[in-house]
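Written out below as structure tokens is the structure these notes cover.
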Amino acid sequence: MDKEEIQRLQTYLREKFGNGAIHILEQSRQDNSVEVNLGEEFIGIIYRDDEDGDISYAFQMAILDIDLQPPAEN
């Protein structure tokens, strides 16, 4: 992905989630994916799919069980 495409994705995510702390970083190993950070914390990867001339993006975020809070008591 080029810098303009990365900037467009970052702007979209910041607006969609209402959070200016979202940053997208290039991955040196991959041409079709970028890292998504929230502040300094890595939260996921965006993959670019250019199949049949239609471009789409998939955001993948792994959530570890140990990071989840127990359910609130009612």
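As shown in the structure tokens, the chain order sets the letters A, B, ...; within each chain, residues go from 1, and ligands are also counted from 1 in the order they appear.
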If you run DSSP on the backbone here, which positions in chain A get alpha helix (DSSP H)? Please write them as a ChimeraX atom specification. /A:3-17
Selection to disk with C-alpha atoms, as a PDB file, in the first residue's frame:
ATOM      1  CA  LYS A   3       1.326   6.377   1.708  1.00  0.00           C
ATOM      2  CA  GLU A   4      -1.841   7.996   0.308  1.00  0.00           C
ATOM      3  CA  GLU A   5      -3.827   4.779   0.689  1.00  0.00           C
ATOM      4  CA  ILE A   6      -2.546   4.330   4.248  1.00  0.00           C
ATOM      5  CA  GLN A   7      -3.518   7.911   5.112  1.00  0.00           C
ATOM      6  CA  ARG A   8      -7.020   7.397   3.701  1.00  0.00           C
ATOM      7  CA  LEU A   9      -7.456   4.233   5.792  1.00  0.00           C
ATOM      8  CA  GLN A  10      -6.192   5.965   8.926  1.00  0.00           C
ATOM      9  CA  THR A  11      -8.562   8.904   8.406  1.00  0.00           C
ATOM     10  CA  TYR A  12     -11.474   6.508   7.857  1.00  0.00           C
ATOM     11  CA  LEU A  13     -10.762   4.527  11.041  1.00  0.00           C
ATOM     12  CA  ARG A  14     -10.270   7.659  13.143  1.00  0.00           C
ATOM     13  CA  GLU A  15     -13.595   9.055  11.962  1.00  0.00           C
ATOM     14  CA  LYS A  16     -15.471   5.742  12.199  1.00  0.00           C
ATOM     15  CA  PHE A  17     -14.305   5.020  15.765  1.00  0.00           C
TER      16      PHE A  17
END
Atom-to-atom span, CA of Gln27 (chain A) and CA of Ala62 (chain A), Å: 17.5 Å
Please identify which residues in chain A DSSP calls strand (DSSP E or B) from the backbone, and express them as number ranges by chain. A: 22-26, 33-38, 41-51, 54-60
Would you list the contacts of region 36-38 of chain A as a ChimeraX atom specification, taking every protein, DNA or RNA residue within 6 Å and counting only C-alpha atoms, but skipping same-chain residues closer than 2 positions in sequence? /A:21-24,40-45
Please, could you write that set of residues out with C-alpha atoms as an mmCIF file, in the first residue's frame?
data_model
loop_
_atom_site.group_PDB
_atom_site.id
_atom_site.type_symbol
_atom_site.label_atom_id
_atom_site.label_comp_id
_atom_site.auth_asym_id
_atom_site.auth_seq_id
_atom_site.Cartn_x
_atom_site.Cartn_y
_atom_site.Cartn_z
ATOM 1 C CA ALA A 21 -5.081 7.867 18.605
ATOM 2 C CA ILE A 22 -5.428 5.284 15.819
ATOM 3 C CA HIS A 23 -2.240 5.033 13.782
ATOM 4 C CA ILE A 24 -1.508 2.862 10.773
ATOM 5 C CA GLU A 40 1.415 2.657 21.340
ATOM 6 C CA GLU A 41 -0.545 -0.621 21.496
ATOM 7 C CA PHE A 42 -0.763 -2.911 18.472
ATOM 8 C CA ILE A 43 -4.423 -3.872 17.939
ATOM 9 C CA GLY A 44 -4.619 -5.495 14.513
ATOM 10 C CA ILE A 45 -3.800 -5.731 10.833
#
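Ranking A:Ser33, A:Asn19, A:Asn74, A:Ser28 by their shortest atom-to-atom distance to Gln60 (chain A), with only C-alpha atoms included, puts A:Ser33 first.
Here CA of Arg48 (chain A) is placed at a distance of 22.6 Å from CA of Gly18 (chain A).
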